[in-house]
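K.L.:
My file is protein31.cif. It has mmCIF, C-alpha atoms and all ligand atoms:
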data_start
loop_
_atom_site.label_atom_id
_atom_site.label_comp_id
_atom_site.auth_asym_id
_atom_site.auth_seq_id
_atom_site.Cartn_x
_atom_site.Cartn_y
_atom_site.Cartn_z
CA MET A 1 7.14 10.46 12.08
CA LYS A 2 3.73 11.12 13.62
CA ILE A 3 2.18 8.10 15.30
CA TYR A 4 -1.54 7.64 15.95
CA VAL A 5 -2.79 4.76 18.09
CA GLY A 6 -6.38 3.59 18.49
CA THR A 7 -8.75 0.75 17.81
CA PRO A 8 -8.75 -0.54 14.22
CA GLU A 9 -12.02 1.38 13.69
CA GLU A 10 -10.61 4.60 15.14
CA ILE A 11 -7.44 4.56 13.04
CA ALA A 12 -9.43 3.76 9.88
CA LYS A 13 -11.65 6.79 10.51
CA LEU A 14 -8.70 9.03 11.37
CA ALA A 15 -6.70 8.02 8.30
CA ALA A 16 -9.80 8.43 6.12
CA GLU A 17 -10.06 12.08 7.19
CA ARG A 18 -6.62 12.64 5.63
CA TYR A 19 -8.09 11.59 2.29
CA VAL A 20 -11.13 13.84 2.75
CA LYS A 21 -8.83 16.81 3.42
CA LEU A 22 -6.47 16.01 0.56
CA LEU A 23 -9.18 15.39 -2.04
CA ASN A 24 -11.02 18.57 -1.07
CA GLU A 25 -7.85 20.66 -1.24
CA LYS A 26 -6.52 18.91 -4.34
CA PRO A 27 -9.28 17.10 -6.27
CA ASP A 28 -6.77 15.82 -8.85
CA ALA A 29 -4.58 14.22 -6.18
CA VAL A 30 -2.44 11.21 -7.05
CA LEU A 31 -2.98 8.41 -4.54
CA GLY A 32 -0.77 5.41 -3.92
CA HIS A 33 -2.80 2.44 -2.74
CA ALA A 34 -1.93 -0.86 -1.02
CA THR A 35 -3.67 -4.22 -0.79
CA GLY A 36 -3.73 -6.76 2.05
CA SER A 37 -5.91 -7.08 5.15
CA THR A 38 -4.74 -3.90 6.85
CA PRO A 39 -6.35 -1.25 4.60
CA LEU A 40 -9.76 -2.96 4.40
CA GLY A 41 -11.25 -0.91 7.27
CA LEU A 42 -9.89 2.30 5.75
CA TYR A 43 -11.26 1.42 2.31
CA ALA A 44 -14.72 0.69 3.78
CA GLU A 45 -14.61 4.10 5.45
CA LEU A 46 -13.46 5.85 2.24
CA ILE A 47 -16.33 4.23 0.34
CA ARG A 48 -18.79 5.42 2.99
CA LEU A 49 -17.42 8.99 2.94
CA ASN A 50 -17.40 9.08 -0.86
CA LYS A 51 -21.03 7.93 -0.99
CA GLU A 52 -21.92 10.59 1.60
CA GLY A 53 -20.37 13.20 -0.69
CA ARG A 54 -17.62 14.23 1.74
CA MET A 55 -15.05 13.96 -1.08
CA SER A 56 -14.86 12.95 -4.72
CA TYR A 57 -12.33 10.84 -6.60
CA ALA A 58 -13.65 12.00 -9.98
CA LYS A 59 -10.41 13.83 -10.81
CA ALA A 60 -8.02 11.62 -8.81
CA THR A 61 -5.46 9.14 -10.11
CA SER A 62 -4.35 5.97 -8.35
CA PHE A 63 -1.19 3.90 -8.53
CA ASN A 64 -1.01 0.62 -6.66
CA LEU A 65 2.13 -0.63 -5.02
CA ASP A 66 2.39 -4.10 -6.44
CA GLU A 67 0.99 -7.10 -8.30
CA TYR A 68 1.66 -10.83 -8.35
CA VAL A 69 3.53 -12.13 -11.39
CA GLY A 70 1.46 -14.51 -13.48
CA LEU A 71 -1.99 -13.32 -12.40
CA ASP A 72 -4.07 -11.22 -14.72
CA GLY A 73 -6.56 -8.70 -13.41
CA THR A 74 -9.49 -11.10 -13.58
CA HIS A 75 -7.84 -13.60 -11.19
CA ASP A 76 -9.57 -13.27 -7.82
CA GLN A 77 -6.22 -13.10 -5.99
CA SER A 78 -4.72 -10.46 -8.26
CA TYR A 79 -4.24 -7.08 -6.68
CA ARG A 80 -6.13 -5.42 -9.55
CA TYR A 81 -9.15 -7.57 -8.67
CA PHE A 82 -8.68 -6.78 -4.96
CA MET A 83 -8.65 -3.04 -5.61
CA ASP A 84 -11.70 -3.14 -7.87
CA LYS A 85 -13.71 -5.20 -5.38
CA ASN A 86 -12.60 -3.40 -2.21
CA LEU A 87 -12.42 0.21 -3.40
CA PHE A 88 -12.59 1.27 -7.02
CA ASP A 89 -15.94 -0.35 -7.90
CA HIS A 90 -17.58 1.58 -5.04
CA ILE A 91 -16.19 5.11 -5.45
CA ASP A 92 -16.45 7.69 -8.21
CA ILE A 93 -12.90 7.23 -9.50
CA ARG A 94 -12.47 6.77 -13.27
CA LYS A 95 -11.23 3.21 -13.78
CA GLU A 96 -8.90 4.36 -16.54
CA CYS A 97 -7.12 6.51 -13.97
CA THR A 98 -6.34 3.53 -11.72
CA PHE A 99 -3.02 1.82 -12.34
CA VAL A 100 -1.66 -1.46 -10.99
CA PRO A 101 1.70 -2.87 -12.15
CA SER A 102 1.29 -5.56 -14.78
CA GLY A 103 1.68 -9.10 -13.47
CA LEU A 104 1.94 -10.37 -17.03
CA ASP A 105 4.39 -8.03 -18.74
CA THR A 106 7.26 -8.03 -16.27
CA SER A 107 9.99 -6.66 -18.53
CA ASP A 108 12.39 -4.10 -17.03
CA SER A 109 11.18 -1.49 -19.53
CA THR A 110 7.52 -1.93 -18.48
CA ALA A 111 8.50 -1.76 -14.81
CA ALA A 112 10.52 1.42 -15.41
CA ALA A 113 7.58 2.87 -17.35
CA TYR A 114 5.48 2.59 -14.17
CA ASP A 115 7.79 5.05 -12.40
CA LYS A 116 7.69 7.31 -15.45
CA ALA A 117 3.87 7.21 -15.42
CA ILE A 118 3.84 8.22 -11.74
CA GLU A 119 6.17 11.11 -12.53
CA ALA A 120 4.08 12.15 -15.53
CA ALA A 121 0.98 12.22 -13.33
CA GLY A 122 2.76 14.70 -11.06
CA GLY A 123 4.07 12.31 -8.41
CA ILE A 124 2.20 10.61 -5.58
CA ASP A 125 0.62 12.90 -2.99
CA VAL A 126 -0.13 10.21 -0.41
CA GLN A 127 1.25 6.69 -0.52
CA LEU A 128 -0.55 4.19 1.68
CA LEU A 129 1.54 1.29 3.03
CA GLY A 130 0.98 -1.84 5.04
CA ILE A 131 4.00 -3.66 6.43
CA GLY A 132 5.09 -7.28 6.23
CA ASN A 133 6.17 -9.15 9.36
CA ASN A 134 9.69 -8.98 7.91
CA GLY A 135 9.48 -5.22 7.35
CA HIS A 136 8.66 -5.29 3.65
CA ILE A 137 6.88 -2.31 2.14
CA GLY A 138 5.24 -3.04 -1.16
CA PHE A 139 7.00 -6.29 -1.93
CA ASN A 140 10.42 -4.85 -1.20
CA GLU A 141 11.77 -7.70 0.87
CA PRO A 142 14.71 -7.32 3.30
CA ASN A 143 17.95 -6.13 1.66
CA THR A 144 16.25 -4.46 -1.31
CA PRO A 145 18.42 -1.43 -2.20
CA PHE A 146 16.95 1.86 -1.00
CA GLY A 147 17.57 3.25 -4.51
CA SER A 148 15.29 0.70 -6.22
CA ILE A 149 12.48 1.70 -8.58
CA THR A 150 9.62 -0.51 -9.81
CA HIS A 151 10.99 -3.99 -10.41
CA LYS A 152 10.28 -7.71 -10.36
CA VAL A 153 11.07 -9.53 -7.10
CA GLU A 154 11.18 -13.04 -5.79
CA LEU A 155 8.92 -13.33 -2.74
CA THR A 156 10.47 -14.74 0.43
CA GLN A 157 9.12 -17.97 1.85
CA SER A 158 7.79 -16.06 4.90
CA THR A 159 5.82 -13.66 2.67
CA ARG A 160 4.40 -16.56 0.63
CA GLU A 161 3.41 -18.32 3.87
CA ALA A 162 1.80 -15.13 5.23
CA ASN A 163 -0.23 -14.74 2.02
CA ALA A 164 -1.12 -18.43 1.65
CA ARG A 165 -4.29 -17.74 3.65
CA PHE A 166 -5.84 -16.24 0.52
CA PHE A 167 -5.03 -19.23 -1.74
CA ALA A 168 -6.15 -22.88 -1.75
CA SER A 169 -2.61 -23.96 -0.86
CA ILE A 170 0.87 -22.44 -0.56
CA ASP A 171 1.81 -24.00 -3.91
CA GLU A 172 -0.64 -21.63 -5.58
CA VAL A 173 0.93 -18.50 -4.07
CA PRO A 174 2.95 -16.83 -6.83
CA THR A 175 6.72 -16.93 -6.35
CA HIS A 176 7.32 -13.47 -7.82
CA ALA A 177 5.75 -10.03 -7.84
CA VAL A 178 6.26 -6.64 -9.45
CA THR A 179 6.55 -3.86 -6.90
CA MET A 180 7.22 -0.15 -6.74
CA GLY A 181 10.77 0.20 -5.46
CA ILE A 182 11.79 1.81 -2.21
CA LYS A 183 12.84 4.96 -4.04
CA THR A 184 9.45 5.04 -5.79
CA VAL A 185 7.74 4.91 -2.38
CA MET A 186 10.11 7.49 -0.84
CA ASN A 187 9.40 9.89 -3.73
CA ALA A 188 5.80 10.24 -2.51
CA ARG A 189 5.16 13.63 -0.93
CA SER A 190 3.59 12.00 2.12
CA ILE A 191 3.24 8.47 3.40
CA ILE A 192 0.65 6.74 5.56
CA LEU A 193 1.75 3.44 7.12
CA MET A 194 -0.89 1.31 8.82
CA ALA A 195 -0.44 -1.81 10.97
CA ILE A 196 -2.91 -3.87 12.95
CA GLY A 197 -2.35 -6.80 15.29
CA LYS A 198 0.19 -8.20 17.76
CA ALA A 199 2.17 -9.99 15.05
CA LYS A 200 3.22 -6.57 13.68
CA ALA A 201 4.43 -5.18 17.04
CA PRO A 202 8.10 -6.28 16.76
CA ILE A 203 8.53 -4.99 13.21
CA ILE A 204 6.81 -1.70 14.06
CA ARG A 205 9.28 -1.26 16.90
CA ALA A 206 12.21 -2.01 14.56
CA THR A 207 10.79 0.37 11.93
CA VAL A 208 10.26 3.29 14.27
CA CYS A 209 13.02 2.86 16.87
CA GLY A 210 15.62 0.68 15.17
CA GLU A 211 18.55 1.35 12.90
CA VAL A 212 17.81 2.52 9.34
CA THR A 213 18.93 -0.51 7.37
CA PRO A 214 17.94 -2.37 4.18
CA GLU A 215 17.49 -5.43 6.43
CA VAL A 216 14.31 -3.69 7.67
CA PRO A 217 12.99 -2.04 4.49
CA ALA A 218 10.35 0.02 6.34
CA SER A 219 13.07 1.61 8.52
CA VAL A 220 13.86 3.83 5.50
CA LEU A 221 10.68 5.74 6.36
CA GLN A 222 12.60 7.39 9.22
CA LEU A 223 14.35 9.37 6.47
CA HIS A 224 11.10 10.66 4.91
CA PRO A 225 9.95 14.16 5.97
CA ASP A 226 6.21 13.40 6.07
CA VAL A 227 5.18 10.01 7.44
CA GLU A 228 2.09 9.26 9.51
CA ILE A 229 1.83 5.87 11.18
CA TYR A 230 -1.58 4.54 12.24
CA LEU A 231 -1.43 1.62 14.67
CA ASP A 232 -3.94 -0.32 16.67
CA HIS A 233 -3.08 -0.91 20.33
CA ASP A 234 -1.64 -4.37 19.59
CA ALA A 235 0.68 -3.19 16.81
CA ALA A 236 1.83 -0.31 19.04
CA SER A 237 2.34 -2.52 22.10
CA LEU A 238 6.15 -2.63 21.90
CA LEU A 239 6.70 1.10 21.39
C1 LIG B 301 0.25 -4.94 -0.33
C2 LIG B 301 1.65 -4.83 0.04
C3 LIG B 301 2.20 -5.50 1.26
C4 LIG B 301 1.24 -5.54 2.45
C5 LIG B 301 1.88 -6.26 3.62
C6 LIG B 301 0.92 -6.37 4.80
O1 LIG B 301 -0.02 -4.22 -1.51
O2 LIG B 301 2.38 -4.21 -0.65
O3 LIG B 301 3.40 -4.85 1.62
O4 LIG B 301 0.93 -4.23 2.80
O5 LIG B 301 2.26 -7.56 3.24
O6 LIG B 301 -0.16 -7.17 4.46
P1 LIG B 301 -1.42 -7.30 5.42
O7 LIG B 301 -2.07 -5.97 5.45
O8 LIG B 301 -2.28 -8.35 4.77
O9 LIG B 301 -0.88 -7.72 6.76
#
Please render this file's structure as structure tokens.
Ligand code: F6R
P.N.:
Amino acid sequence: MKIYVGTPEEIAKLAAERYVKLLNEKPDAVLGHATGSTPLGLYAELIRLNKEGRMSYAKATSFNLDEYVGLDGTHDQSYRYFMDKNLFDHIDIRKECTFVPSGLDTSDSTAAAYDKAIEAAGGIDVQLLGIGNNGHIGFNEPNTPFGSITHKVELTQSTREANARFFASIDEVPTHAVTMGIKTVMNARSIILMAIGKAKAPIIRATVCGEVTPEVPASVLQLHPDVEIYLDHDAASLL
């Protein structure tokens, strides 16, 4: 694992350069994207660089990690909506090449088809991840099997509480989500994990220095050959 530490602005800029390099070397790259607060600085930087012509997404494909069950893409808390508003609407990617798991059709066959679609696209070149306070990656909550592929999950109370800030009340936070599995994530050729803020410091320590265990889903990343971790000073404070 390579670890980069800086201010939130510095790590956003540094991580963005990875995308410039990748998209220039491989214009038809397959990108795995995440939602949440953490990637917002990176996405703003990617939009700026794309508008400056430093790289193009015209031939790229995107697969998002996860989606809430029950929300369709027009719901302002759906992850499809988030991605459109915070990235896709502002870069030159073809919308039809951007994929987010369906929050409405949550059958096992549709979930499995998501993994098949990733494979058919050639596999993910760079998967971006945030991390939950409980170590979740995507919505793979503690004790998700490392061999899991895209599947429907029940969100833990702590995840629903953490995400309640985006909804009118906790009762409106969906109880379930569809997420790429841990195996789906580990199949990516390279992984970028980002974390910002003091609240993430203990789980970053457990992820990087702790035992590899399904109790800390992100600890599986220790087994991946190409992981870069971008942390602000607060998130890195217990390393
Ligand atoms: C988002 C996702 C989640 C978040 C994590 C951190 O698509 O899969 O794992 O990355 O919950 O969220 P933030 O960045 O809001 O702290």
K.L.:
Return as a ChimeraX atom specification the residues of protein, DNA or RNA that approach ligand LIG 301 (chain B) to within 8 Å, with only C-alpha atoms and all ligand atoms taken into account.
P.N.:
/A:33-39,64-67,79,129-133,136-140,159,162-163,179,195-196
K.L.:
Which of these, A:Val69, A:Ala177, A:Val100, A:Ile149, has the shortest distance to A:Tyr81 once you count only C-alpha atoms?
P.N.:
A:Val100
K.L.:
Pick from A:Leu87, A:Ala16, A:Leu71, A:Ile191: nearest to A:Asp105, with all atoms listed in the file counted?
P.N.:
A:Leu71
K.L.:
Mind giving me the straight-line distance from atom CA of A:His151 to atom CA of A:Lys116 in Å, one decimal?
P.N.:
12.8 Å
K.L.:
Could you check how far atom CA of A:Cys97 sits from atom CA of A:Lys51, in Å to one decimal?
P.N.:
19.1 Å
K.L.:
Please identify all polymer residues within 8 Å of stretch 47-49 of chain A, counting only C-alpha atoms, omitting same-chain residues fewer than 2 positions from it, and present them as a PDB file with C-alpha atoms, keeping the file's coordinate frame.
P.N.:
ATOM      1  CA  VAL A  20     -11.130  13.840   2.750  1.00  0.00           C
ATOM      2  CA  TYR A  43     -11.260   1.420   2.310  1.00  0.00           C
ATOM      3  CA  ALA A  44     -14.720   0.690   3.780  1.00  0.00           C
ATOM      4  CA  GLU A  45     -14.610   4.100   5.450  1.00  0.00           C
ATOM      5  CA  LYS A  51     -21.030   7.930  -0.990  1.00  0.00           C
ATOM      6  CA  GLU A  52     -21.920  10.590   1.600  1.00  0.00           C
ATOM      7  CA  GLY A  53     -20.370  13.200  -0.690  1.00  0.00           C
ATOM      8  CA  ARG A  54     -17.620  14.230   1.740  1.00  0.00           C
ATOM      9  CA  MET A  55     -15.050  13.960  -1.080  1.00  0.00           C
ATOM     10  CA  LEU A  87     -12.420   0.210  -3.400  1.00  0.00           C
ATOM     11  CA  HIS A  90     -17.580   1.580  -5.040  1.00  0.00           C
ATOM     12  CA  ILE A  91     -16.190   5.110  -5.450  1.00  0.00           C
TER      13      ILE A  91
END
